[in-house]
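> This is the structure I have questions about; it appears just below.
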Amino acid sequence: MNEKIRKEVNTLFENAPNTKRANDLKDEIISNAEDKYEDLVKQGKKEEEALQTVMKEIGDVDELIEELNKTNPIHKEYREEARKKTGLTVSICVGLYILSVITCVVLDELELPDFVTVSGFLAIAGLATCVLIYHFMTKPKYTKYEDTMVEEFKEWKGKKDKNKEIKKAIDSILWTLTVIIYLIVSFTFGIWYISWIIFLIASLIENIIKLLFKLGEE
Amino acid sequence: MSIRADIIRGHTETIILAHLMKGNSYGYEINKSIKEKTNNRYELNDATLYCAFRRLEESGYITSFWGEGNSGARRRYYSITNQGIEFYKKNIEEWNLTKELIDKLI
């Protein structure tokens with residue numbers, strides 16, 4: 001392996017986006033450059049000269065990377081549009097929430113009956129909530145898989161999040177059960193002076209479950 | 001006599017496919033064979049070569065896979081698909097027709 005070529009090519013890719021595509025391209029360029037270099041040296045060129053020739057022929061990587069990114073223009077435009085739409089929707093809804101509070105204050109000042117004030121407030125806030133829910137439920141998910149490290153990371157994180165949700169669910173079940181048992185036991189036997197210990201036990205169980213999860217992950 | 005590189009460039013993809021018709025290959029080997037076949041008179045520059053690979057791959061005419069290189073670095077090999085073979089044949093037909101017409105005209 002030629003460290004010099006590797007180093008030079010890495011420098012060329014310094015400003016490249018950290019995507020799988022760019023990394024693949026880098027590896028491809030390195031292996032081809034190494035072959036070319038070896039051939040040149042075999043033909044009798046000096047090492048320095050060969051390196052220079054090889055690097056010169058690789059040329060401008062920025063242009064190449066730009067070209068690579070360009071192959072996916074629809075994707076970029078589409079996401080840009082979606083982002084703008086989300087931005088607009090959220091701003092309008094935040095505006096509506098503020099308006100709902102103002103309405104509430106104004107109606108109250110006018111000394112209208114309480115139900116009018118509350119209805120006005122709820123109507124506007126409700127509208128904003130409906131718009132938000134509608135927007136995010138109909139917002140299309142990533143339609144096209146982007147071949148990047150970022151996507152891989154998201155996928156990995158998504159898996160992790162699922163684990164987290166299970167943990168959360170177990171936690172909430174555990175603590176609800178604890179409270180129920182605490183109340184039942186305490187009321188039935190009237191042992192309030194000691195029954196609080198159940199919370200310590202629950203805490204212990206929680207930590208044991210956490211530990212088991214961690215061991216399972218490894 | 002200078003080579004009209006712009007005319008050849010329009011056929012970069014067909015040239016690459018022609019090489020892959022003979023078996024799997026990788027970037028440097030393809031470019032080297034182009035250079036040898038043309039007695040050093042023509043060679044693709046790296047950017048053209050890599051862009052052509054990406055275009056061909058995205059169109060489904062070639063596929064790539066990683067293999068071992070000489071020096072331990074991984075090497076990207078390409079192989080032609082059935083679709084690519086069809087595309088190649090179509091391009092050859094088109095070229096033969098064009099050649100015939102141009103020969104008659106100039």
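Residue names in the structure tokens use chain letters A, B, ... in the order shown, residue numbers from 1 in each chain, and ligand numbers from 1 in the order shown.
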Identify, on the basis of only C-alpha atoms, every residue whose closest approach to segment 24-30 of chain B does not exceed 7 Å; exclude the query and any residue fewer than 5 positions from it along the same chain; express the result as a short mmCIF file (atom, residue, chain, number, x, y, z; two decimals) with N, CA and C atoms, in the first residue's frame.

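Written out: out_0.cif:
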data_model
loop_
_atom_site.label_atom_id
_atom_site.label_comp_id
_atom_site.auth_asym_id
_atom_site.auth_seq_id
_atom_site.Cartn_x
_atom_site.Cartn_y
_atom_site.Cartn_z
N ASN A 32 -6.86 2.73 -7.96
CA ASN A 32 -6.44 2.97 -9.35
C ASN A 32 -5.15 3.79 -9.42
N LYS A 36 -1.52 2.82 -11.17
CA LYS A 36 -0.90 3.69 -12.16
C LYS A 36 0.52 4.06 -11.72
N HIS B 19 -15.28 -2.81 -23.25
CA HIS B 19 -14.24 -3.48 -22.47
C HIS B 19 -14.85 -4.51 -21.51
N ARG B 76 -12.48 -1.57 -6.76
CA ARG B 76 -13.85 -1.64 -7.25
C ARG B 76 -13.89 -2.22 -8.66
N TYR B 77 -14.54 -3.37 -8.77
CA TYR B 77 -14.68 -4.02 -10.07
C TYR B 77 -16.06 -3.73 -10.64
N TYR B 78 -16.11 -3.73 -11.96
CA TYR B 78 -17.40 -3.53 -12.62
C TYR B 78 -17.70 -4.71 -13.50
N SER B 79 -18.99 -5.01 -13.61
CA SER B 79 -19.37 -6.05 -14.55
C SER B 79 -20.63 -5.61 -15.29
#
> I need the helix (DSSP H, G or I) residues of segment 12-106 of chain B per DSSP on the backbone, written as number ranges by chain.
B: 12-20, 27-37, 46-58, 82-105
> With C-alpha atoms kept, could you save the residues just selected as a PDB file, in the first residue's frame?

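Writing the result to part32.pdb gives the following:
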ATOM      1  CA  THR B  12     -17.145   6.997 -23.528  1.00  0.00           C
ATOM      2  CA  GLU B  13     -19.902   4.792 -22.173  1.00  0.00           C
ATOM      3  CA  THR B  14     -19.890   2.484 -25.160  1.00  0.00           C
ATOM      4  CA  ILE B  15     -16.098   2.211 -24.951  1.00  0.00           C
ATOM      5  CA  ILE B  16     -16.320   1.169 -21.301  1.00  0.00           C
ATOM      6  CA  LEU B  17     -19.098  -1.316 -22.047  1.00  0.00           C
ATOM      7  CA  ALA B  18     -17.039  -2.752 -24.902  1.00  0.00           C
ATOM      8  CA  HIS B  19     -14.240  -3.483 -22.472  1.00  0.00           C
ATOM      9  CA  LEU B  20     -16.598  -5.023 -19.920  1.00  0.00           C
ATOM     10  CA  GLY B  27     -10.964   1.667 -13.672  1.00  0.00           C
ATOM     11  CA  TYR B  28      -7.238   1.618 -14.215  1.00  0.00           C
ATOM     12  CA  GLU B  29      -7.262  -1.538 -16.287  1.00  0.00           C
ATOM     13  CA  ILE B  30      -9.944  -0.137 -18.575  1.00  0.00           C
ATOM     14  CA  ASN B  31      -8.115   3.136 -19.071  1.00  0.00           C
ATOM     15  CA  LYS B  32      -4.831   1.339 -19.639  1.00  0.00           C
ATOM     16  CA  SER B  33      -6.361  -0.833 -22.328  1.00  0.00           C
ATOM     17  CA  ILE B  34      -7.812   2.256 -24.020  1.00  0.00           C
ATOM     18  CA  LYS B  35      -4.361   3.778 -24.033  1.00  0.00           C
ATOM     19  CA  GLU B  36      -2.751   0.634 -25.423  1.00  0.00           C
ATOM     20  CA  LYS B  37      -5.365   0.070 -28.099  1.00  0.00           C
ATOM     21  CA  ASP B  46     -10.159  10.347 -14.320  1.00  0.00           C
ATOM     22  CA  ALA B  47     -13.203  12.563 -13.849  1.00  0.00           C
ATOM     23  CA  THR B  48     -14.718  11.410 -17.148  1.00  0.00           C
ATOM     24  CA  LEU B  49     -14.074   7.801 -16.264  1.00  0.00           C
ATOM     25  CA  TYR B  50     -15.619   7.909 -12.785  1.00  0.00           C
ATOM     26  CA  CYS B  51     -18.614   9.924 -13.935  1.00  0.00           C
ATOM     27  CA  ALA B  52     -19.234   7.457 -16.736  1.00  0.00           C
ATOM     28  CA  PHE B  53     -19.097   4.572 -14.257  1.00  0.00           C
ATOM     29  CA  ARG B  54     -21.673   6.251 -12.027  1.00  0.00           C
ATOM     30  CA  ARG B  55     -23.987   7.034 -14.911  1.00  0.00           C
ATOM     31  CA  LEU B  56     -23.773   3.503 -16.242  1.00  0.00           C
ATOM     32  CA  GLU B  57     -24.340   2.048 -12.813  1.00  0.00           C
ATOM     33  CA  GLU B  58     -27.335   4.249 -12.119  1.00  0.00           C
ATOM     34  CA  ASN B  82     -27.877  -7.993 -19.456  1.00  0.00           C
ATOM     35  CA  GLN B  83     -29.383  -4.570 -19.852  1.00  0.00           C
ATOM     36  CA  GLY B  84     -25.892  -3.239 -20.474  1.00  0.00           C
ATOM     37  CA  ILE B  85     -25.271  -5.811 -23.184  1.00  0.00           C
ATOM     38  CA  GLU B  86     -28.486  -4.743 -24.904  1.00  0.00           C
ATOM     39  CA  PHE B  87     -27.496  -1.104 -24.624  1.00  0.00           C
ATOM     40  CA  TYR B  88     -24.049  -1.863 -26.014  1.00  0.00           C
ATOM     41  CA  LYS B  89     -25.463  -3.678 -29.027  1.00  0.00           C
ATOM     42  CA  LYS B  90     -27.851  -0.830 -29.702  1.00  0.00           C
ATOM     43  CA  ASN B  91     -25.020   1.711 -29.543  1.00  0.00           C
ATOM     44  CA  ILE B  92     -22.877  -0.326 -31.920  1.00  0.00           C
ATOM     45  CA  GLU B  93     -25.731  -0.459 -34.400  1.00  0.00           C
ATOM     46  CA  GLU B  94     -26.220   3.274 -34.121  1.00  0.00           C
ATOM     47  CA  TRP B  95     -22.534   3.922 -34.573  1.00  0.00           C
ATOM     48  CA  ASN B  96     -22.311   1.711 -37.656  1.00  0.00           C
ATOM     49  CA  LEU B  97     -25.198   3.578 -39.192  1.00  0.00           C
ATOM     50  CA  THR B  98     -23.653   6.939 -38.380  1.00  0.00           C
ATOM     51  CA  LYS B  99     -20.289   5.857 -39.751  1.00  0.00           C
ATOM     52  CA  GLU B 100     -21.875   4.677 -42.960  1.00  0.00           C
ATOM     53  CA  LEU B 101     -23.690   7.953 -43.455  1.00  0.00           C
ATOM     54  CA  ILE B 102     -20.725  10.150 -42.609  1.00  0.00           C
ATOM     55  CA  ASP B 103     -18.506   8.137 -44.934  1.00  0.00           C
ATOM     56  CA  LYS B 104     -20.937   8.795 -47.739  1.00  0.00           C
ATOM     57  CA  LEU B 105     -21.255  12.455 -46.912  1.00  0.00           C
TER      58      LEU B 105
END
> How many Å separate atom CA of Glu34 of chain A from atom CA of Thr53 of chain A?
11.7 Å
> May I have a table of the residues of chain A lying at most 7 Å from chain B, giving each one's closest pair of atoms and their distance in Å to one decimal, counting only C-alpha atoms, ordered by chain and ascending residue number, as CSV?

residue,atom,partner,partner_atom,distance
A:Met1,CA,B:Ser71,CA,4.7
A:Asp27,CA,B:Arg74,CA,6.9
A:Glu28,CA,B:Arg76,CA,5.8
A:Ser31,CA,B:Arg75,CA,5.8
A:Asn32,CA,B:Tyr28,CA,5.1
A:Lys36,CA,B:Tyr28,CA,7.0
A:Glu57,CA,B:Asp46,CA,6.6
A:Ile58,CA,B:Asp46,CA,5.5
A:Leu64,CA,B:Ala47,CA,5.9
> If you run DSSP on the backbone, which residues of chain B are strand (DSSP E or B), as a PyMOL selection string?
chain B and resi 25-26+62-68+74-80
> Could you dump the residues just selected with C-alpha atoms as a PDB file, in the first residue's frame?

ATOM      1  CA  SER B  25     -12.623  -5.069 -14.901  1.00  0.00           C
ATOM      2  CA  TYR B  26     -11.684  -1.975 -12.932  1.00  0.00           C
ATOM      3  CA  ILE B  62     -23.199  -2.163 -15.069  1.00  0.00           C
ATOM      4  CA  THR B  63     -22.882  -3.299 -11.465  1.00  0.00           C
ATOM      5  CA  SER B  64     -19.932  -2.947  -9.167  1.00  0.00           C
ATOM      6  CA  PHE B  65     -18.444  -5.007  -6.397  1.00  0.00           C
ATOM      7  CA  TRP B  66     -15.385  -4.742  -4.183  1.00  0.00           C
ATOM      8  CA  GLY B  67     -12.447  -7.049  -4.534  1.00  0.00           C
ATOM      9  CA  GLU B  68      -8.872  -7.270  -3.396  1.00  0.00           C
ATOM     10  CA  ARG B  74      -9.957  -2.665  -1.860  1.00  0.00           C
ATOM     11  CA  ARG B  75     -10.581  -2.390  -5.560  1.00  0.00           C
ATOM     12  CA  ARG B  76     -13.850  -1.643  -7.249  1.00  0.00           C
ATOM     13  CA  TYR B  77     -14.682  -4.018 -10.071  1.00  0.00           C
ATOM     14  CA  TYR B  78     -17.397  -3.530 -12.621  1.00  0.00           C
ATOM     15  CA  SER B  79     -19.374  -6.054 -14.554  1.00  0.00           C
ATOM     16  CA  ILE B  80     -21.834  -5.587 -17.375  1.00  0.00           C
TER      17      ILE B  80
END
> Would you mind listing what lies within 12 Å of Lys4 of chain A as a PyMOL selection string, with only C-alpha atoms counted and same-chain residues fewer than 5 positions away left out?
chain A and resi 9-11+30+33-34+37+47-48+50-52+54-55
> Please identify all polymer residues within 9 Å of segment 107-111 of chain A, counting only C-alpha atoms, omitting same-chain residues fewer than 6 positions from it, and present them as a list in words.
Thr117, Val118 and Gly120 of chain A
> Kindly save the residues from that selection, with C-alpha atoms included, as an mmCIF file, in the first residue's frame.

data_model
loop_
_atom_site.group_PDB
_atom_site.id
_atom_site.type_symbol
_atom_site.label_atom_id
_atom_site.label_comp_id
_atom_site.auth_asym_id
_atom_site.auth_seq_id
_atom_site.Cartn_x
_atom_site.Cartn_y
_atom_site.Cartn_z
ATOM 1 C CA THR A 117 -63.974 33.435 26.239
ATOM 2 C CA VAL A 118 -63.086 29.759 26.660
ATOM 3 C CA GLY A 120 -62.934 31.472 21.477
#
> Calculate how many Å separate atom CA of Lys210 of chain A from atom CA of Trp192 of chain A, rounding to one decimal.
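Between atom CA of Lys210 of chain A and atom CA of Trp192 of chain A the gap works out to 28.9 Å.
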> To one decimal place, how far is atom CA of Asn40 of chain B from atom CA of Lys26 of chain A in Å?
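Atom CA of Lys26 of chain A lies at a distance of 26.3 Å from atom CA of Asn40 of chain B.
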> So which one's closest to Cys130 of chain A, A:Ser186, A:Thr178, A:Thr89, A:Gln43? Using only C-alpha atoms, please.
A:Thr89
> Write out as a list of chain:residue names which residues come within 9 Å of Ser195 of chain A when counting only C-alpha atoms, dropping same-chain ones fewer than 5 positions away.
A:Tyr182, A:Leu183, A:Val185, A:Ser186, A:Gly190
> Any chance you can output those residues with N, CA and C atoms as a JSON list (two decimals), in the first residue's frame?

[["chain", "number", "residue", "atom", "x", "y", "z"],
["A", 182, "TYR", "N", -48.83, -0.62, 46.46],
["A", 182, "TYR", "CA", -48.60, 0.17, 47.68],
["A", 182, "TYR", "C", -49.92, 0.55, 48.33],
["A", 183, "LEU", "N", -50.84, 1.07, 47.52],
["A", 183, "LEU", "CA", -52.12, 1.52, 48.05],
["A", 183, "LEU", "C", -52.94, 0.35, 48.58],
["A", 185, "VAL", "N", -51.99, -2.70, 49.52],
["A", 185, "VAL", "CA", -51.39, -3.31, 50.71],
["A", 185, "VAL", "C", -51.60, -2.40, 51.93],
["A", 186, "SER", "N", -51.34, -1.12, 51.72],
["A", 186, "SER", "CA", -51.43, -0.19, 52.85],
["A", 186, "SER", "C", -52.86, -0.09, 53.39],
["A", 190, "GLY", "N", -53.25, -1.80, 56.67],
["A", 190, "GLY", "CA", -53.01, -0.62, 57.53],
["A", 190, "GLY", "C", -51.56, -0.52, 57.99]]
